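Q: Quick one: structure below, then a few questions.
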There are 2 protein chains.
Amino acid sequence: MSQLIDVDLAKCYRLLNHGPTVLVTSCFDGKHNVMAAAWAMPLDFDPPKILVVIDKTTYSRQLIEASGEFILNIPCRAQAAQVLKVGSASGTQGDKFIQSGLQTIPAQKMAAPRVAGCIGYLECKVIAEPHNQQQYDLFIGEVIASQADSDVYSEGRWYFEGHDDKRTLHYISGGAFFSIGEQFSV
Amino acid sequence: MSQLIDVDLAKCYRLLNHGPTVLVTSCFDGKHNVMAAAWAMPLDFDPPKILVVIDKTTYSRQLIEASGEFILNIPCRAQAAQVLKVGSASGTQGDKFIQSGLQTIPAQKMAAPRVAGCIGYLECKVIAEPHNQQQYDLFIGEVIASQADSDVYSEGRWYFEGHDDKRTLHYISGGAFFSIGEQFSV
């Protein structure tokens, strides 16, 4: 049965190493939001850091700058329509959880919600870099908690065989995605 | 027949949007190198900027800081063994092009070589951000030229159907990769 397992923080970069599109969740003062981001990646191993681009015009940007926290949720193929929906609307125009039907589960270490049904989570504290944030919309997060779905992640690795609905999404443009494909070794 | 076509710079982020592993080539004062990097992504649309993490211990770092230039080459499944080889060795210990068998073609706008047989290229000028480079090994590049393989890229989009050997690589760890999978719309 699918369950969330803790991911060793020193190896949590592996959740993002192959370049999946993510959902960014945030919360401040009772308000929450979720947005899609194709531009997220690991920055360092241990302590683990990640990068994500959060545009100035987004509602999430306000919540993240006010709270100093955000979560990278790794969605899967079963959620593609909802990912597209929250990637196309703004949280200033209504609650995107309600609009998309995405449900939430509590985070382990912060107030922001996690998106239910995602296959991986990285809870991040903002490492303040005002120049990067202002000039490039670029945020650095230190990962302080991480979990993944035991159906597709074990012993520090993704294994998607037999779980096509849980394959990671890789956004192209215009409503099109790739799902991640075959694993192989050389 | 496969040929390289120019990519509209305002859309060249799409070469990286789905998170492929890249090869970074560089050159300075007659010395050149190639390294693998899983940590690269778009940063901005127009003018196009990209991010890549280049560790201080690498030979490529010396060449890139000296020249102020580098190229992101997007390798494909047919090149996986060579990508792994240049990702495992250091350019301080011999010519990695010779060791790996990777061949080169000239770049359009810089002295660094491009890796022959790759399916996409982004030629980048370093935007100097000394704090990011020193503190995080993080480099920002402005893309000044970009091409892609007409077999798998046209009208601003990747299309890999029928070209499994040219699918992008997405590094996992321990010598294992994903190739990118099915394209779908929602």
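Each chain in the structure tokens gets a letter, A, B and so on, in the order shown; residues start at 1 in every chain, and ligands are counted from 1 in the order they appear.
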Do a neighbour search on segment 63-72 of chain A at 6 Å with only C-alpha atoms, toss out local chain neighbours closer than 6 positions, and write the hits as a PDB file with N, CA and C atoms, in the first residue's frame.
A:
ATOM      1  N   LEU A  23       4.985  21.516  -8.110  1.00  0.00           N
ATOM      2  CA  LEU A  23       3.991  22.450  -7.580  1.00  0.00           C
ATOM      3  C   LEU A  23       4.592  23.104  -6.344  1.00  0.00           C
ATOM      4  N   VAL A  24       4.490  24.417  -6.280  1.00  0.00           N
ATOM      5  CA  VAL A  24       5.016  25.152  -5.139  1.00  0.00           C
ATOM      6  C   VAL A  24       3.844  25.562  -4.254  1.00  0.00           C
ATOM      7  N   THR A  25       3.869  25.151  -3.009  1.00  0.00           N
ATOM      8  CA  THR A  25       2.828  25.581  -2.079  1.00  0.00           C
ATOM      9  C   THR A  25       3.415  26.534  -1.050  1.00  0.00           C
ATOM     10  N   SER A  26       2.555  27.421  -0.565  1.00  0.00           N
ATOM     11  CA  SER A  26       2.995  28.442   0.379  1.00  0.00           C
ATOM     12  C   SER A  26       1.806  28.893   1.210  1.00  0.00           C
ATOM     13  N   CYS A  27       2.115  29.584   2.280  1.00  0.00           N
ATOM     14  CA  CYS A  27       1.047  30.039   3.170  1.00  0.00           C
ATOM     15  C   CYS A  27       1.566  31.165   4.041  1.00  0.00           C
ATOM     16  N   PHE A  28       0.709  32.148   4.301  1.00  0.00           N
ATOM     17  CA  PHE A  28       1.052  33.216   5.242  1.00  0.00           C
ATOM     18  C   PHE A  28      -0.232  33.814   5.778  1.00  0.00           C
ATOM     19  N   TYR A 121       8.006  15.326  -1.750  1.00  0.00           N
ATOM     20  CA  TYR A 121       7.857  16.635  -1.087  1.00  0.00           C
ATOM     21  C   TYR A 121       9.213  17.106  -0.565  1.00  0.00           C
ATOM     22  N   LEU A 122       9.460  18.396  -0.734  1.00  0.00           N
ATOM     23  CA  LEU A 122      10.664  19.027  -0.200  1.00  0.00           C
ATOM     24  C   LEU A 122      10.223  20.305   0.518  1.00  0.00           C
ATOM     25  N   GLU A 123      10.285  20.299   1.845  1.00  0.00           N
ATOM     26  CA  GLU A 123       9.880  21.471   2.625  1.00  0.00           C
ATOM     27  C   GLU A 123      11.110  22.364   2.801  1.00  0.00           C
ATOM     28  N   CYS A 124      10.962  23.628   2.400  1.00  0.00           N
ATOM     29  CA  CYS A 124      12.136  24.505   2.260  1.00  0.00           C
ATOM     30  C   CYS A 124      11.994  25.809   3.031  1.00  0.00           C
ATOM     31  N   LYS A 125      13.089  26.195   3.690  1.00  0.00           N
ATOM     32  CA  LYS A 125      13.226  27.523   4.271  1.00  0.00           C
ATOM     33  C   LYS A 125      13.979  28.393   3.267  1.00  0.00           C
ATOM     34  N   VAL A 126      13.491  29.587   3.019  1.00  0.00           N
ATOM     35  CA  VAL A 126      14.182  30.498   2.106  1.00  0.00           C
ATOM     36  C   VAL A 126      15.532  30.905   2.701  1.00  0.00           C
TER      37      VAL A 126
END
Q: Compile the residues of chain B that lie within 7 Å of chain A, evaluated using only C-alpha atoms, and express the compilation as a ChimeraX atom specification.
A: /B:14,17-20,38-39,41-43,53,80-81,170-172,175-186
Q: Can you write out the residues you just picked, keeping N, CA and C atoms, as a tab-separated table (two decimals), in the first residue's frame?
A:
chain	number	residue	atom	x	y	z
B	14	ARG	N	12.86	26.36	-24.08
B	14	ARG	CA	12.14	25.10	-24.27
B	14	ARG	C	13.06	23.91	-24.46
B	17	ASN	N	13.35	23.04	-20.79
B	17	ASN	CA	12.19	23.18	-19.90
B	17	ASN	C	11.79	21.87	-19.22
B	18	HIS	N	12.05	20.76	-19.88
B	18	HIS	CA	11.63	19.46	-19.33
B	18	HIS	C	12.74	18.79	-18.51
B	19	GLY	N	13.84	19.50	-18.28
B	19	GLY	CA	14.80	19.05	-17.28
B	19	GLY	C	15.86	18.05	-17.71
B	20	PRO	N	16.35	18.11	-18.95
B	20	PRO	CA	17.36	17.13	-19.35
B	20	PRO	C	18.73	17.39	-18.71
B	38	ALA	N	23.72	17.60	-14.31
B	38	ALA	CA	22.27	17.36	-14.19
B	38	ALA	C	21.57	18.62	-13.70
B	39	TRP	N	22.33	19.55	-13.14
B	39	TRP	CA	21.75	20.72	-12.51
B	39	TRP	C	21.88	21.94	-13.42
B	41	MET	N	19.04	24.65	-15.74
B	41	MET	CA	17.63	24.93	-16.07
B	41	MET	C	17.51	26.36	-16.61
B	42	PRO	N	16.36	26.67	-17.22
B	42	PRO	CA	16.13	28.04	-17.66
B	42	PRO	C	15.98	28.98	-16.45
B	43	LEU	N	16.31	30.24	-16.68
B	43	LEU	CA	16.10	31.26	-15.65
B	43	LEU	C	15.20	32.38	-16.16
B	53	VAL	N	25.06	24.66	-12.34
B	53	VAL	CA	25.94	24.53	-11.18
B	53	VAL	C	27.25	23.89	-11.64
B	80	ALA	N	24.60	7.97	-24.02
B	80	ALA	CA	24.56	7.82	-22.56
B	80	ALA	C	25.89	7.34	-21.97
B	81	ALA	N	26.50	6.37	-22.61
B	81	ALA	CA	27.76	5.84	-22.06
B	81	ALA	C	28.84	6.91	-22.04
B	170	HIS	N	18.07	11.92	-18.50
B	170	HIS	CA	17.75	12.55	-17.22
B	170	HIS	C	18.44	11.72	-16.14
B	171	TYR	N	19.54	12.22	-15.62
B	171	TYR	CA	20.40	11.40	-14.78
B	171	TYR	C	19.76	11.12	-13.42
B	172	ILE	N	19.92	9.89	-12.96
B	172	ILE	CA	19.39	9.49	-11.66
B	172	ILE	C	20.54	9.49	-10.65
B	175	GLY	N	25.13	5.70	-12.31
B	175	GLY	CA	25.21	5.21	-13.68
B	175	GLY	C	23.86	4.96	-14.34
B	176	ALA	N	22.78	5.34	-13.67
B	176	ALA	CA	21.44	5.11	-14.22
B	176	ALA	C	20.81	6.42	-14.72
B	177	PHE	N	20.10	6.31	-15.81
B	177	PHE	CA	19.38	7.44	-16.40
B	177	PHE	C	17.92	7.06	-16.62
B	178	PHE	N	17.08	8.07	-16.73
B	178	PHE	CA	15.81	7.94	-17.42
B	178	PHE	C	16.00	8.52	-18.82
B	179	SER	N	15.32	7.94	-19.82
B	179	SER	CA	15.12	8.68	-21.06
B	179	SER	C	13.74	9.31	-20.96
B	180	ILE	N	13.56	10.42	-21.66
B	180	ILE	CA	12.27	11.09	-21.56
B	180	ILE	C	11.21	10.23	-22.26
B	181	GLY	N	9.99	10.29	-21.72
B	181	GLY	CA	8.97	9.36	-22.17
B	181	GLY	C	7.96	9.97	-23.12
B	182	GLU	N	6.75	9.56	-22.93
B	182	GLU	CA	5.65	9.90	-23.82
B	182	GLU	C	5.24	11.36	-23.70
B	183	GLN	N	4.90	11.96	-24.82
B	183	GLN	CA	4.33	13.31	-24.82
B	183	GLN	C	2.81	13.21	-24.84
B	184	PHE	N	2.17	14.07	-24.04
B	184	PHE	CA	0.71	14.07	-24.03
B	184	PHE	C	0.19	15.45	-23.67
B	185	SER	N	-1.05	15.72	-24.03
B	185	SER	CA	-1.69	16.99	-23.69
B	185	SER	C	-2.90	16.74	-22.82
B	186	VAL	N	-3.24	17.71	-22.01
B	186	VAL	CA	-4.41	17.55	-21.14
B	186	VAL	C	-5.42	18.65	-21.44
Q: Rank A:Ile98, A:Asp46, A:Ala116, A:Thr58 by their smallest atom-to-atom distance to Asp8 of chain A, using only C-alpha atoms, and report the top residue only.
A: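 For Asp8 of chain A, the nearest of the given residues is A:Asp46.
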Q: Using DSSP assignments from the backbone, pull out every residue in chain A that falls under strand (DSSP E) and give it to me as a VMD selection string.
A: chain A and resid 4 to 6 22 to 28 31 to 37 40 to 44 49 to 53 69 to 74 104 to 105 114 to 115 120 to 127 138 to 149 153 to 154 157 to 158 169 to 173 176 to 185
Q: Residues at most 9 Å from Val7 of chain B, counting only C-alpha atoms, excluding those fewer than 3 positions away in the same chain, as an MDAnalysis selection string?
A: chainID B and resid 10:12 145:148 154:156
Q: Calculate how many Å separate atom CA of Asp95 of chain A from atom CA of Ile119 of chain A, rounding to one decimal.
A: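 Computed distance, atom CA of Asp95 of chain A to atom CA of Ile119 of chain A, equals 22.6 Å.
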Q: Suppose you want the space between atom CA of Asp6 of chain B and atom CA of Val22 of chain A; what is it in Å?
A: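 Computing it gives 29.4 Å between the two atoms.
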Q: Using only C-alpha atoms, can you tell me which of B:Arg61, B:Met1, B:Gln134, B:Lys166 comes closest to Gly91 of chain B?
A: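 Closest to Gly91 of chain B of all the choices is B:Arg61.
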Q: Using DSSP on the backbone, list every residue of chain B that comes out as helix (DSSP H, G or I), and give them as a ChimeraX atom specification.
A: /B:9-15,59-67,77-88,91-93,96-100,130-136,164-166
Q: Using only C-alpha atoms, which residues sit within 10 Å of Tyr59 of chain B once same-chain residues fewer than 5 positions away are excluded, as a list of chain:residue names?
A: B:Ser26, B:His32, B:Asn33, B:Val34, B:Met35, B:Ile54, B:Ile64, B:Ser90, B:Gly91, B:Thr92, B:Gln93
